[in-house]
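Enquirer: To be precise about what I am sending: the file is called upload.tsv and holds TSV, C-alpha atoms.
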```
chain	number	residue	atom	x	y	z
Y	1	MET	CA	-16.00	-32.57	-57.13
Y	2	SER	CA	-17.00	-31.41	-53.71
Y	3	LEU	CA	-17.48	-32.81	-50.23
Y	4	ASN	CA	-19.08	-31.30	-47.18
Y	5	TYR	CA	-19.40	-33.64	-44.20
Y	6	THR	CA	-19.31	-32.93	-40.51
Y	7	ILE	CA	-19.84	-34.94	-37.34
Y	8	LEU	CA	-20.26	-33.34	-33.94
Y	9	ILE	CA	-20.94	-34.44	-30.41
Y	10	GLY	CA	-22.14	-31.83	-27.96
Y	11	ARG	CA	-24.80	-30.73	-25.52
Y	12	LEU	CA	-27.84	-28.60	-26.28
Y	13	VAL	CA	-27.40	-25.20	-24.67
Y	14	ARG	CA	-31.15	-24.56	-24.65
Y	15	ASP	CA	-34.38	-26.22	-25.70
Y	16	PRO	CA	-34.80	-26.58	-29.48
Y	17	GLU	CA	-36.98	-24.14	-31.42
Y	18	HIS	CA	-39.54	-25.71	-33.67
Y	19	ARG	CA	-41.76	-24.15	-36.34
Y	20	LEU	CA	-43.33	-24.76	-39.71
Y	21	THR	CA	-42.19	-22.88	-42.78
Y	22	SER	CA	-44.78	-20.92	-44.79
Y	23	THR	CA	-45.21	-24.04	-46.94
Y	24	GLY	CA	-45.79	-26.24	-43.90
Y	25	VAL	CA	-42.39	-27.93	-43.71
Y	26	PRO	CA	-41.26	-28.66	-40.12
Y	27	ILE	CA	-37.95	-27.10	-39.10
Y	28	THR	CA	-36.16	-27.40	-35.76
Y	29	ARG	CA	-33.15	-25.36	-34.71
Y	30	PHE	CA	-30.88	-25.85	-31.74
Y	31	THR	CA	-27.39	-24.93	-30.60
Y	32	ILE	CA	-24.90	-27.43	-29.23
Y	33	ALA	CA	-21.82	-26.73	-27.14
Y	34	VAL	CA	-18.92	-28.83	-28.35
Y	35	ASP	CA	-16.02	-28.91	-25.89
Y	36	LYS	CA	-12.67	-27.72	-27.14
Y	37	ILE	CA	-9.61	-29.72	-26.26
Y	38	LYS	CA	-8.60	-28.50	-22.82
Y	39	ARG	CA	-4.98	-27.60	-22.29
Y	40	PRO	CA	-3.46	-27.73	-18.82
Y	41	GLY	CA	-4.11	-24.53	-16.93
Y	42	GLU	CA	-6.82	-23.39	-19.31
Y	43	GLU	CA	-10.46	-23.15	-18.49
Y	44	LYS	CA	-12.92	-25.42	-20.19
Y	45	GLN	CA	-14.15	-23.85	-23.41
Y	46	ALA	CA	-16.65	-24.81	-26.05
Y	47	ASP	CA	-17.60	-24.05	-29.63
Y	48	PHE	CA	-21.28	-23.15	-30.01
Y	49	ILE	CA	-22.60	-24.62	-33.20
Y	50	ARG	CA	-26.08	-24.06	-34.59
Y	51	VAL	CA	-27.87	-27.06	-36.02
Y	52	THR	CA	-30.94	-27.15	-38.25
Y	53	ALA	CA	-33.06	-30.22	-38.91
Y	54	TRP	CA	-35.82	-30.47	-41.46
Y	55	ARG	CA	-38.97	-32.54	-41.91
Y	56	ARG	CA	-39.19	-35.82	-40.00
Y	57	LEU	CA	-35.87	-35.30	-38.25
Y	58	ALA	CA	-37.10	-31.85	-37.18
Y	59	GLU	CA	-40.12	-33.41	-35.53
Y	60	ILE	CA	-38.01	-36.02	-33.76
Y	61	CYS	CA	-35.52	-33.41	-32.53
Y	62	ASN	CA	-38.35	-31.27	-31.24
Y	63	GLN	CA	-39.99	-34.22	-29.52
Y	64	PHE	CA	-36.97	-35.71	-27.76
Y	65	LEU	CA	-34.25	-33.07	-27.41
Y	66	LYS	CA	-34.03	-30.76	-24.45
Y	67	LYS	CA	-31.51	-28.38	-22.96
Y	68	GLY	CA	-28.48	-30.30	-21.64
Y	69	LYS	CA	-28.93	-33.40	-23.78
Y	70	LEU	CA	-25.84	-34.98	-25.31
Y	71	VAL	CA	-26.28	-35.61	-29.03
Y	72	ALA	CA	-24.26	-36.70	-32.02
Y	73	VAL	CA	-25.12	-34.84	-35.21
Y	74	GLU	CA	-24.03	-35.70	-38.73
Y	75	GLY	CA	-24.60	-33.32	-41.59
Y	76	ARG	CA	-23.13	-30.60	-43.73
Y	77	LEU	CA	-22.04	-27.07	-42.93
Y	78	GLN	CA	-23.90	-24.30	-44.71
Y	79	VAL	CA	-23.44	-20.55	-44.96
Y	80	ASP	CA	-26.43	-18.28	-45.51
Y	81	HIS	CA	-26.46	-14.55	-46.13
Y	82	TYR	CA	-29.19	-12.24	-44.95
Y	83	GLU	CA	-29.80	-8.58	-44.22
Y	84	SER	CA	-30.54	-7.31	-40.74
Y	85	ASN	CA	-31.10	-3.57	-40.08
Y	86	GLY	CA	-29.49	-2.77	-43.41
Y	87	GLU	CA	-26.42	-4.79	-42.47
Y	88	GLN	CA	-25.20	-7.77	-44.45
Y	89	ARG	CA	-24.98	-10.75	-42.09
Y	90	GLU	CA	-23.76	-14.28	-42.42
Y	91	SER	CA	-25.07	-17.30	-40.61
Y	92	VAL	CA	-23.22	-20.60	-40.47
Y	93	GLU	CA	-25.09	-23.72	-39.41
Y	94	VAL	CA	-25.01	-27.47	-39.70
Y	95	ILE	CA	-27.85	-29.00	-41.69
Y	96	ALA	CA	-28.39	-32.30	-39.92
Y	97	ASP	CA	-29.18	-35.48	-41.77
Y	98	ASN	CA	-28.60	-37.78	-38.83
Y	99	MET	CA	-29.03	-37.33	-35.10
Y	100	GLN	CA	-28.29	-39.74	-32.30
Y	101	MET	CA	-29.04	-39.24	-28.62
Y	102	LEU	CA	-26.14	-40.25	-26.41
Y	103	ASP	CA	-27.54	-39.89	-22.93
Y	104	ARG	CA	-30.77	-41.18	-21.58
Y	105	GLY	CA	-33.05	-38.65	-19.98
Y	106	GLU	CA	-35.70	-39.49	-17.42
Y	107	ASN	CA	-38.40	-39.51	-20.09
Y	108	PHE	CA	-36.75	-42.34	-21.99
Y	109	PRO	CA	-38.78	-45.53	-21.96
Y	110	GLU	CA	-35.71	-47.78	-21.56
Y	111	ASN	CA	-34.71	-46.15	-18.34
Y	112	ALA	CA	-38.15	-45.68	-16.95
Y	113	ASN	CA	-39.74	-48.34	-14.82
Y	114	PRO	CA	-41.63	-50.41	-17.42
Y	115	GLY	CA	-44.49	-51.02	-15.05
Y	116	LEU	CA	-45.09	-47.31	-14.60
Y	117	ASP	CA	-44.31	-46.08	-18.05
Y	118	ALA	CA	-46.10	-48.52	-20.34
Y	119	GLY	CA	-48.57	-45.93	-21.58
Y	120	SER	CA	-46.15	-43.19	-22.58
Y	121	ALA	CA	-45.48	-42.38	-26.20
Y	122	ALA	CA	-42.74	-44.80	-27.20
Y	123	PRO	CA	-42.37	-45.40	-30.94
Y	124	GLU	CA	-39.97	-48.24	-31.81
Y	125	ALA	CA	-37.47	-45.71	-33.08
Y	126	VAL	CA	-36.89	-44.44	-29.59
Y	127	SER	CA	-35.30	-47.67	-28.47
Y	128	GLN	CA	-32.61	-47.14	-31.06
Y	129	SER	CA	-32.40	-43.43	-30.31
Y	130	GLN	CA	-30.92	-42.87	-33.75
Y	131	PHE	CA	-32.74	-40.99	-36.45
Y	132	SER	CA	-32.01	-39.85	-39.93
Y	133	VAL	CA	-33.89	-38.27	-42.77
M	134	MET	CA	-17.58	-34.92	-21.40
M	135	SER	CA	-16.69	-36.60	-24.64
M	136	SER	CA	-16.89	-34.36	-27.65
M	137	ILE	CA	-16.29	-34.83	-31.33
M	138	ASN	CA	-15.84	-31.97	-33.73
M	139	LYS	CA	-14.80	-33.03	-37.18
M	140	ILE	CA	-15.38	-31.65	-40.65
M	141	LEU	CA	-14.25	-32.73	-44.11
M	142	LEU	CA	-14.53	-30.38	-47.06
M	143	ILE	CA	-13.47	-30.55	-50.67
M	144	GLY	CA	-13.55	-27.17	-52.33
M	145	THR	CA	-11.56	-24.51	-54.14
M	146	ILE	CA	-9.50	-21.77	-52.52
M	147	SER	CA	-11.35	-18.65	-53.61
M	148	SER	CA	-9.23	-15.94	-52.03
M	149	PRO	CA	-5.56	-15.07	-51.77
M	150	VAL	CA	-3.87	-17.10	-49.02
M	151	ASP	CA	-2.96	-14.88	-46.10
M	152	GLN	CA	0.13	-15.98	-44.24
M	153	ARG	CA	0.96	-14.10	-41.06
M	154	ILE	CA	2.62	-14.32	-37.70
M	155	GLY	CA	0.46	-13.46	-34.73
M	156	SER	CA	1.38	-11.38	-31.70
M	157	ASP	CA	2.28	-14.61	-29.90
M	158	GLY	CA	4.73	-15.52	-32.65
M	159	GLN	CA	2.49	-18.27	-33.98
M	160	GLU	CA	2.31	-18.69	-37.73
M	161	SER	CA	-1.06	-18.93	-39.41
M	162	LEU	CA	-2.56	-19.34	-42.87
M	163	SER	CA	-6.06	-18.22	-43.74
M	164	PHE	CA	-8.14	-18.32	-46.90
M	165	GLN	CA	-11.65	-18.81	-48.15
M	166	LEU	CA	-12.76	-22.21	-49.36
M	167	SER	CA	-15.66	-22.37	-51.80
M	168	VAL	CA	-17.57	-25.66	-51.61
M	169	PRO	CA	-20.28	-26.24	-54.25
M	170	ARG	CA	-23.58	-27.50	-52.85
M	171	SER	CA	-24.61	-30.91	-54.03
M	172	PHE	CA	-28.20	-29.77	-54.36
M	173	GLN	CA	-29.63	-26.31	-54.60
M	174	SER	CA	-32.94	-24.69	-53.87
M	175	ILE	CA	-34.14	-21.74	-55.90
M	176	GLY	CA	-32.74	-18.45	-54.68
M	177	GLN	CA	-30.03	-20.07	-52.58
M	178	ASP	CA	-26.30	-19.78	-52.97
M	179	GLU	CA	-24.64	-22.22	-55.34
M	180	SER	CA	-21.76	-22.85	-53.02
M	181	ASP	CA	-20.80	-22.30	-49.42
M	182	VAL	CA	-17.79	-20.11	-48.77
M	183	PHE	CA	-16.00	-20.94	-45.52
M	184	LYS	CA	-13.19	-19.19	-43.72
M	185	VAL	CA	-10.35	-21.64	-43.16
M	186	VAL	CA	-7.48	-21.04	-40.74
M	187	ILE	CA	-4.42	-23.18	-40.15
M	188	PHE	CA	-2.29	-22.68	-37.04
M	189	GLY	CA	0.95	-23.91	-35.59
M	190	GLN	CA	2.71	-27.00	-36.84
M	191	SER	CA	0.14	-27.61	-39.58
M	192	VAL	CA	1.22	-24.41	-41.34
M	193	GLU	CA	4.58	-25.77	-42.40
M	194	ARG	CA	3.23	-28.90	-44.03
M	195	SER	CA	0.19	-27.17	-45.53
M	196	LYS	CA	1.50	-24.00	-47.07
M	197	ASP	CA	2.72	-25.49	-50.35
M	198	ALA	CA	-0.73	-26.90	-51.03
M	199	CYS	CA	-2.55	-23.68	-50.20
M	200	VAL	CA	-2.61	-21.69	-53.43
M	201	GLU	CA	-5.51	-19.59	-54.66
M	202	GLY	CA	-7.62	-21.46	-57.20
M	203	ARG	CA	-6.46	-24.89	-56.17
M	204	GLN	CA	-8.84	-27.67	-55.17
M	205	LEU	CA	-8.21	-28.97	-51.66
M	206	LEU	CA	-9.40	-31.59	-49.24
M	207	VAL	CA	-9.55	-29.92	-45.84
M	208	GLU	CA	-9.84	-31.81	-42.58
M	209	GLY	CA	-10.44	-29.93	-39.38
M	210	ARG	CA	-12.92	-28.73	-36.83
M	211	ILE	CA	-15.66	-26.13	-36.71
M	212	SER	CA	-14.55	-23.27	-34.51
M	213	THR	CA	-16.68	-20.40	-33.25
M	214	ARG	CA	-15.56	-17.17	-31.65
M	215	SER	CA	-17.04	-13.79	-30.95
M	216	TYR	CA	-15.79	-10.23	-30.85
M	217	ASP	CA	-17.31	-6.84	-30.06
M	218	ASP	CA	-17.15	-4.13	-32.72
M	219	GLU	CA	-16.57	-0.42	-32.06
M	220	ASN	CA	-20.30	0.05	-31.37
M	221	GLY	CA	-20.23	-2.61	-28.67
M	222	LYS	CA	-22.13	-5.02	-30.85
M	223	ARG	CA	-21.21	-8.67	-30.62
M	224	HIS	CA	-20.37	-10.59	-33.78
M	225	TRP	CA	-20.01	-14.33	-34.07
M	226	VAL	CA	-17.51	-15.86	-36.44
M	227	THR	CA	-17.60	-19.48	-37.51
M	228	GLU	CA	-14.51	-20.78	-39.22
M	229	ILE	CA	-12.82	-24.03	-40.06
M	230	GLN	CA	-9.66	-24.71	-38.13
M	231	ALA	CA	-7.84	-27.09	-40.43
M	232	PHE	CA	-5.34	-29.70	-39.26
M	233	ARG	CA	-4.61	-31.24	-42.60
M	234	VAL	CA	-5.03	-30.30	-46.25
M	235	ARG	CA	-4.45	-32.31	-49.37
M	236	GLU	CA	-4.38	-31.26	-52.98
M	237	GLN	CA	-7.25	-32.58	-55.04
M	238	ASP	CA	-6.40	-30.88	-58.30
M	239	SER	CA	-5.53	-33.46	-60.96
M	240	ALA	CA	-3.75	-30.73	-62.92
M	241	SER	CA	-1.19	-30.55	-60.13
M	242	ALA	CA	-0.18	-34.23	-60.43
M	243	PRO	CA	2.51	-33.64	-63.12
M	244	ALA	CA	3.99	-30.99	-60.85
M	245	ILE	CA	4.52	-33.57	-58.12
M	246	ASN	CA	6.22	-35.93	-60.58
M	247	ALA	CA	8.35	-33.10	-61.91
M	248	SER	CA	9.71	-32.43	-58.46
M	249	SER	CA	10.68	-36.07	-58.02
M	250	PHE	CA	12.60	-35.89	-61.29
M	251	ALA	CA	14.20	-32.62	-60.29
M	252	ALA	CA	17.45	-34.37	-59.32
M	253	THR	CA	18.02	-35.35	-62.97
M	254	PRO	CA	20.56	-32.87	-64.37
M	255	ALA	CA	18.58	-31.89	-67.46
M	256	PRO	CA	16.83	-28.67	-66.63
M	257	SER	CA	16.35	-27.56	-70.23
M	258	ASN	CA	13.91	-30.33	-71.15
M	259	LEU	CA	12.75	-31.17	-67.65
M	260	ASN	CA	9.12	-30.29	-68.29
M	261	GLU	CA	8.94	-32.28	-71.48
M	262	SER	CA	10.60	-35.41	-70.10
M	263	SER	CA	8.65	-35.45	-66.87
M	264	ALA	CA	5.37	-35.05	-68.74
M	265	ALA	CA	6.24	-37.98	-70.99
M	266	ALA	CA	7.57	-40.13	-68.18
M	267	ALA	CA	4.83	-39.45	-65.71
M	268	PRO	CA	2.07	-41.76	-67.06
M	269	SER	CA	4.27	-44.87	-67.46
M	270	PHE	CA	5.93	-44.25	-64.12
M	271	GLN	CA	2.58	-44.10	-62.41
M	272	PHE	CA	1.35	-47.21	-64.17
M	273	ASP	CA	4.36	-49.28	-63.12
M	274	ASN	CA	4.07	-48.09	-59.60
M	275	GLU	CA	0.43	-49.01	-59.47
M	276	SER	CA	0.81	-52.58	-60.76
M	277	GLU	CA	3.66	-53.17	-58.37
M	278	ASN	CA	1.52	-52.09	-55.49
M	279	THR	CA	-1.28	-54.48	-56.38
M	280	GLU	CA	1.10	-57.45	-56.40
M	281	ILE	CA	2.40	-56.65	-52.96
M	282	LEU	CA	-1.07	-56.20	-51.65
M	283	GLU	CA	-2.32	-59.55	-52.91
M	284	GLU	CA	0.56	-61.44	-51.34
M	285	GLU	CA	0.51	-59.65	-48.05
M	286	VAL	CA	-3.17	-59.55	-47.26
M	287	PRO	CA	-3.32	-61.51	-44.01
M	288	PHE	CA	-6.92	-62.69	-44.25
```
Transcribe the structure of this file into structure tokens.
Expert:
Amino acid sequence: MSLNYTILIGRLVRDPEHRLTSTGVPITRFTIAVDKIKRPGEEKQADFIRVTAWRRLAEICNQFLKKGKLVAVEGRLQVDHYESNGEQRESVEVIADNMQMLDRGENFPENANPGLDAGSAAPEAVSQSQFSV
Amino acid sequence: MSSINKILLIGTISSPVDQRIGSDGQESLSFQLSVPRSFQSIGQDESDVFKVVIFGQSVERSKDACVEGRQLLVEGRISTRSYDDENGKRHWVTEIQAFRVREQDSASAPAINASSFAATPAPSNLNESSAAAAPSFQFDNESENTEILEEEVPF
């Protein structure tokens, strides 16, 4: 028996990186800053957590997410091992299977003036702003 | 800003449990938790091994459950920190800061019953009697609970 489930809410610290794997599968990576609980007298601190999305969710993340956006991410935590300059390294990231946008940027159809923005790309999914694989 | 940082893991403790007291006098427990992946790609690891740390008040109520080889449910948050090594190179560490752990190992269930029978002054055959008594005790307890539930459900 095993379980590996995580849910996070945080802000993107930079724009997401999108690419295709050698077999043509879309992959999008981004890092979110998740605020730590602030104690009196302490400065605001955050955990920086790397998130990876695959396939359709990768395309959606790449299309709609930008630096500073507030998102909720559901997924599992994964550890990968790799070698860099002869050194054994470890990378820990969340593999997302659900992503929800929590703030509305200026390029969101709902917030835009409908009369001005009718022609912009607005698939139905955007109005829900929740996506999963 | 509202933030949520929550993680639930069920896995096996795959290292000795390290209990220590930090320079600030705070107690901590740390161990590795091996969580099998539900699906695997070729060439990938079969399970994820996470560093788990428990601080402060959680230590006292967690330490009995934290034994190498035991299966645990761990509830906590994902914590990241960085440090610079002797060459000035920065390393990032991601670990699970656990608030609550619970034993998942079915093999440990008789042990729990045995402790509840520990008051009985019969230490010589304690193991035998608790093993025999455990199943019926659990069964009675369970049926009793269902009755109460059915009567007291308010809707």
Enquirer: Taking 6 positions as the minimum chain separation for residues in the same chain, which residues sit within 8 Å of Lys36 in chain Y when counting only C-alpha atoms? Answer as a PyMOL selection string.
Expert: (chain Y and resi 44-47) or (chain M and resi 136)
Enquirer: CA of Leu12 in chain Y to CA of Arg56 in chain Y: how many Å, to one decimal?
Expert: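 Taking CA of Leu12 in chain Y and CA of Arg56 in chain Y, their separation equals 19.2 Å.
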Enquirer: With range 58-79 of chain Y as the partner and 10 Å as the cut-off, tabulate the residues of range 162-225 of chain M that qualify, each row holding the nearest pair of atoms and their distance in Å to one decimal, using only C-alpha atoms, sorted by chain and rising number, as JSON lines.
Expert:
```
{"residue": "M:Val168", "atom": "CA", "partner": "Y:Gln78", "partner_atom": "CA", "distance": 9.5}
{"residue": "M:Arg170", "atom": "CA", "partner": "Y:Gln78", "partner_atom": "CA", "distance": 8.8}
{"residue": "M:Asp178", "atom": "CA", "partner": "Y:Val79", "partner_atom": "CA", "distance": 8.5}
{"residue": "M:Ser180", "atom": "CA", "partner": "Y:Val79", "partner_atom": "CA", "distance": 8.5}
{"residue": "M:Asp181", "atom": "CA", "partner": "Y:Val79", "partner_atom": "CA", "distance": 5.5}
{"residue": "M:Val182", "atom": "CA", "partner": "Y:Val79", "partner_atom": "CA", "distance": 6.8}
{"residue": "M:Phe183", "atom": "CA", "partner": "Y:Val79", "partner_atom": "CA", "distance": 7.5}
{"residue": "M:Ile211", "atom": "CA", "partner": "Y:Leu77", "partner_atom": "CA", "distance": 9.0}
```
Enquirer: Grab the residues selected above and save them as an mmCIF file, keeping the file's coordinate frame with C-alpha atoms.
Expert:
```cif
data_model
loop_
_atom_site.group_PDB
_atom_site.id
_atom_site.type_symbol
_atom_site.label_atom_id
_atom_site.label_comp_id
_atom_site.auth_asym_id
_atom_site.auth_seq_id
_atom_site.Cartn_x
_atom_site.Cartn_y
_atom_site.Cartn_z
ATOM 1 C CA VAL M 168 -17.570 -25.660 -51.610
ATOM 2 C CA ARG M 170 -23.580 -27.500 -52.850
ATOM 3 C CA ASP M 178 -26.300 -19.780 -52.970
ATOM 4 C CA SER M 180 -21.760 -22.850 -53.020
ATOM 5 C CA ASP M 181 -20.800 -22.300 -49.420
ATOM 6 C CA VAL M 182 -17.790 -20.110 -48.770
ATOM 7 C CA PHE M 183 -16.000 -20.940 -45.520
ATOM 8 C CA ILE M 211 -15.660 -26.130 -36.710
#
```
Enquirer: Taking only C-alpha atoms into account and nothing else, which residues of chain Y lie no more than 7 Å away from chain M? Please answer as a ChimeraX atom specification.
Expert: /Y:2-10,34-35,47-48,78-79,92
Enquirer: How far is it from CA of Arg223 in chain M to CA of His81 in chain Y, in Å with one decimal?
Expert: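 Separation of CA of Arg223 in chain M and CA of His81 in chain Y: 17.4 Å.
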Enquirer: Enter the distance from CA of Gln152 in chain M to CA of Ser215 in chain M, in Å, rounded to one decimal.
Expert: 21.8 Å
Enquirer: So, with all atoms listed in the file as the atoms that count, which of M:Ile229, M:Val186, M:Val234, M:Val200 lies closest to Ile49 in chain Y?
Expert: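 Looking at the shortest contact to Ile49 in chain Y, the residue is M:Ile229.
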Enquirer: Neighbouring residues of Leu20 in chain Y were defined as those with any atom within 10 Å, considering all atoms listed in the file; residues of the same chain fewer than 6 positions away were excluded. Please report them as a ChimeraX atom specification.
Expert: /Y:26-28,54-55,58
Enquirer: Taking all atoms of range 58-67 of chain Y that appear in the file, build a box with edges along x, y and z, extend it by 5 Å on every side, and state its centre and edge lengths in Å to one decimal, as JSON.
Expert:
```
{"center_x": -35.8, "center_y": -32.2, "center_z": -30.1, "size_x": 18.6, "size_y": 17.6, "size_z": 24.2}
```
Enquirer: Skipping near chain neighbours, those fewer than 6 positions away, what residues fall within 9 Å of Ile187 in chain M using only C-alpha atoms, listed as a list in words?
Expert: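 Near Ile187 in chain M, the qualifying residues are Glu160, Ser161, Leu162, Ser163, Ser195, Ile229, Gln230, Ala231, Phe232 and Arg233 of chain M.
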